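*Asks:* File follows, model.cif with mmCIF, C-alpha atoms:
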data_start
loop_
_atom_site.label_atom_id
_atom_site.label_comp_id
_atom_site.auth_asym_id
_atom_site.auth_seq_id
_atom_site.Cartn_x
_atom_site.Cartn_y
_atom_site.Cartn_z
CA ARG A 1 -17.03 15.88 -50.49
CA ARG A 2 -14.52 13.17 -51.33
CA ARG A 3 -11.74 15.24 -49.81
CA LEU A 4 -13.71 15.65 -46.56
CA ILE A 5 -14.42 11.91 -46.34
CA SER A 6 -10.82 10.98 -47.09
CA ASP A 7 -9.55 13.45 -44.48
CA ALA A 8 -12.00 12.06 -41.92
CA MET A 9 -10.88 8.50 -42.70
CA PHE A 10 -7.23 9.53 -42.37
CA VAL A 11 -7.82 11.18 -38.99
CA THR A 12 -9.78 8.14 -37.77
CA ALA A 13 -7.05 5.76 -38.92
CA THR A 14 -4.38 7.92 -37.28
CA ILE A 15 -6.26 7.90 -33.96
CA MET A 16 -6.78 4.14 -34.13
CA CYS A 17 -3.11 3.50 -34.88
CA SER A 18 -1.88 5.81 -32.12
CA ASP A 19 -4.13 4.08 -29.57
CA SER A 20 -2.81 0.68 -30.57
CA ALA A 21 0.76 1.96 -30.40
CA ASN A 22 0.24 3.19 -26.83
CA ALA A 23 -1.66 0.07 -25.73
CA ILE A 24 0.14 -2.36 -23.48
CA PRO A 25 0.58 -5.97 -24.60
CA MET A 26 -1.99 -8.44 -23.29
CA VAL A 27 -1.57 -12.10 -22.27
CA SER A 28 -4.11 -14.73 -21.33
CA THR A 29 -4.58 -16.00 -17.80
CA ASP A 30 -3.08 -19.35 -18.82
CA GLU A 31 0.10 -17.64 -20.01
CA PHE A 32 0.21 -15.59 -16.81
CA SER A 33 -0.24 -18.77 -14.74
CA VAL A 34 2.79 -20.29 -16.45
CA LEU A 35 4.80 -17.12 -15.76
CA LEU A 36 3.60 -17.11 -12.16
CA ARG A 37 4.53 -20.76 -11.70
CA ASP A 38 7.93 -20.61 -13.42
CA SER A 39 9.26 -17.20 -12.39
CA SER A 40 7.17 -15.54 -9.73
CA MET A 41 10.23 -13.65 -8.43
CA SER A 42 10.37 -11.64 -11.67
CA ILE A 43 6.91 -10.14 -11.00
CA GLN A 44 7.02 -6.92 -9.00
CA VAL A 45 3.29 -6.21 -8.52
CA VAL A 46 -0.09 -7.17 -9.99
CA GLU A 47 -2.54 -4.26 -9.99
CA PHE A 48 -6.31 -4.76 -10.18
CA SER A 49 -8.50 -1.84 -11.18
CA GLY A 50 -11.98 -1.16 -12.48
CA PRO A 51 -15.35 -1.52 -10.78
CA LYS A 52 -15.11 -5.31 -10.66
CA SER A 53 -11.29 -5.47 -10.70
CA GLU A 54 -11.50 -6.68 -14.27
CA THR A 55 -8.50 -4.65 -15.47
CA VAL A 56 -5.30 -6.39 -14.45
CA ILE A 57 -1.86 -4.88 -15.08
CA VAL A 58 1.31 -6.81 -14.28
CA ARG A 59 4.60 -5.00 -13.65
CA LEU A 60 7.80 -6.99 -13.85
CA VAL A 61 11.01 -6.26 -11.97
CA ASP A 62 12.73 -5.09 -15.17
CA GLY A 63 10.01 -2.44 -15.74
CA THR A 64 8.02 -4.32 -18.38
CA THR A 65 4.26 -3.88 -18.13
CA PHE A 66 1.54 -6.04 -19.62
CA GLY A 67 -2.13 -6.77 -19.05
CA ILE A 68 -4.22 -9.88 -18.67
CA LYS A 69 -6.99 -9.99 -21.24
CA ASP A 70 -9.46 -12.75 -20.38
CA ILE A 71 -10.57 -11.80 -16.87
CA ILE A 72 -14.11 -12.95 -16.09
CA GLU A 73 -16.06 -11.97 -12.99
CA SER A 74 -17.21 -15.29 -11.60
CA ALA A 75 -17.16 -17.09 -8.28
CA THR A 76 -16.05 -20.40 -9.79
CA ASP A 77 -14.01 -19.52 -12.89
CA PRO A 78 -10.21 -19.63 -12.35
CA ARG A 79 -9.95 -16.50 -14.52
CA SER A 80 -11.78 -14.35 -11.96
CA PRO A 81 -9.88 -11.45 -10.32
CA LEU A 82 -10.10 -12.93 -6.83
CA LYS A 83 -8.84 -16.36 -7.95
CA LEU A 84 -6.00 -14.61 -9.77
CA ALA A 85 -5.19 -12.59 -6.63
CA ALA A 86 -5.22 -15.79 -4.56
CA ALA A 87 -2.80 -17.45 -6.99
CA CYS A 88 -0.51 -14.42 -6.72
CA ARG A 89 -0.67 -14.54 -2.92
CA GLU A 90 0.23 -18.24 -2.93
CA SER A 91 3.26 -17.48 -5.10
CA GLY A 92 4.35 -14.58 -2.91
CA VAL A 93 3.59 -11.89 -5.49
CA LYS A 94 2.42 -8.50 -4.24
CA THR A 95 -1.11 -7.54 -5.32
CA LYS A 96 -2.68 -4.11 -5.29
CA PHE A 97 -6.36 -3.20 -5.67
CA VAL A 98 -6.00 0.37 -6.93
CA ASP A 99 -9.63 1.53 -6.71
CA LEU A 100 -10.19 0.00 -3.28
CA GLU A 101 -7.02 1.57 -1.90
CA SER A 102 -7.94 4.99 -3.28
CA ILE A 103 -11.36 4.79 -1.62
CA LEU A 104 -9.85 3.71 1.68
CA ALA A 105 -7.23 6.44 1.54
CA SER A 106 -9.87 9.14 1.23
CA ALA A 107 -12.08 7.66 3.96
CA PRO A 108 -11.93 9.40 7.35
CA LYS A 109 -9.97 7.60 10.04
CA LYS A 110 -11.97 6.27 12.95
CA LYS A 111 -10.90 7.22 16.44
CA LYS A 112 -11.23 4.94 19.42
CA LEU A 113 -14.25 5.90 21.41
CA TYR A 114 -14.59 4.43 24.85
CA THR A 115 -17.98 4.89 26.43
CA ASN A 116 -17.19 2.83 29.50
CA GLN A 117 -16.19 5.13 32.39
CA ARG A 118 -13.72 2.60 33.81
CA VAL A 119 -11.89 2.31 30.51
CA GLN A 120 -11.63 6.09 30.23
CA GLU A 121 -10.27 6.39 33.77
CA ALA A 122 -7.76 3.61 33.15
CA GLN A 123 -6.61 5.30 29.97
CA GLU A 124 -6.15 8.62 31.79
CA LYS A 125 -4.17 6.92 34.59
CA GLU A 126 -1.99 5.20 31.99
CA ARG A 127 -1.22 8.57 30.35
CA GLU A 128 -0.32 10.07 33.75
CA ARG A 129 1.88 7.07 34.52
CA GLN A 130 3.73 7.43 31.20
CA GLU A 131 4.25 11.13 31.88
CA ARG A 132 5.64 10.36 35.39
CA ILE A 133 8.01 7.78 33.94
CA ARG A 134 9.21 10.30 31.34
CA ARG A 135 9.84 13.00 33.99
CA ASP A 136 11.64 10.54 36.29
CA GLU A 137 13.89 9.49 33.42
CA GLU A 138 14.72 13.14 32.67
CA GLU A 139 15.54 13.78 36.33
CA ARG A 140 17.71 10.66 36.51
CA LEU A 141 19.65 11.70 33.41
CA GLU A 142 20.13 15.22 34.81
CA GLN A 143 21.47 13.84 38.12
CA LEU A 144 23.77 11.50 36.18
CA ARG A 145 25.15 14.46 34.18
CA LYS A 146 25.76 16.43 37.40
CA LEU A 147 27.51 13.46 39.00
CA GLU A 148 29.75 12.97 35.96
CA LEU A 149 30.54 16.69 35.90
CA GLU A 150 31.49 16.64 39.63
CA GLU A 151 33.71 13.56 39.09
CA ALA A 152 35.40 15.25 36.14
CA GLN A 153 36.06 18.37 38.26
CA SER A 154 37.38 16.34 41.18
CA THR A 155 39.80 14.38 38.96
CA ASN A 156 41.00 17.64 37.38
CA GLY A 157 41.49 19.16 40.84
CA ASN A 158 43.70 16.26 42.10
#
Would it be possible to restate this file's structure as structure tokens?

*Replies:*
Amino acid sequence: RRRLISDAMFVTATIMCSDSANAIPMVSTDEFSVLLRDSSMSIQVVEFSGPKSETVIVRLVDGTTFGIKDIIESATDPRSPLKLAAACRESGVKTKFVDLESILASAPKKKKLYTNQRVQEAQEKERERQERIRRDEEERLEQLRKLELEEAQSTNGN
């Protein structure tokens, strides 16, 4: 029994230590604000994830990654994700809302639907006009090639 308990404790301790070894370092929002104020050019992107964007990961230009630990969902607290995103925008730092972007990427694209008959007719006429312009340009280029070819033959013949 003692052996089983000691083995279980060892496995638990090993799992806990490996998780902490793989965990990214965390800083407070105050420390991040100082970094943002002093060296915003060294921040590559700030990624927000989670259902309320409460998980914030900061990637620096040199490849270093760290998180921000004291994010609070609030409309008035300066530690809220949206206030943090606004501070990043003011400093010119790129922000990325990972979950929102993944939802939008999988959403179907909306097509323009014109129900007004006049708008549909105008759109069709515009397509025909563009096609006419394209054909005229092709004909003009073909005539220009023929003219250049004739001039080249006449100069070779003289």

*Asks:* What does the distance between atom CA of A:Arg59 and atom CA of A:Ser42 come to in Å, to one decimal place?

*Replies:* 9.0 Å

*Asks:* Hey, can you check how far atom CA of A:Glu128 sits from atom CA of A:Lys109?

*Replies:* 25.7 Å

*Asks:* Have a look at atom CA of A:Glu31 and atom CA of A:Pro51 and let me know their distance in Å, one decimal.

*Replies:* 24.2 Å

*Asks:* May I ask which of the residues A:Ile43, A:Val98, A:Ala152, A:Ile68 is the closest one to A:Asp30, counting all atoms listed in the file?

*Replies:*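 Going through A:Ile43, A:Val98, A:Ala152, A:Ile68 one by one, the smallest distance to A:Asp30 is for A:Ile68.
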
*Asks:* Can you list, as a VMD selection string, the residues that the PyMOL selection byres ((chain A and resi 54) around 9) selects here?

*Replies:* chain A and resid 48 to 53 55 to 56 69 to 73 80 to 81

*Asks:* Excluding stretch 85-94 of chain A and any residue of its chain fewer than 3 positions from it, enumerate the residues within 8 Å of it, using all atoms listed in the file, and give them as an NGL selection string.

*Replies:* :A and (36-37 or 40-41 or 43-46 or 81-82)

*Asks:* How big is the axis-aligned box around the listed atoms of stretch 132-145 of chain A once 6 Å is added on each side, and where is its centre? Give both in Å to one decimal, as JSON.

*Replies:*
{"center_x": 15.4, "center_y": 11.5, "center_z": 34.7, "size_x": 31.5, "size_y": 19.4, "size_z": 18.8}
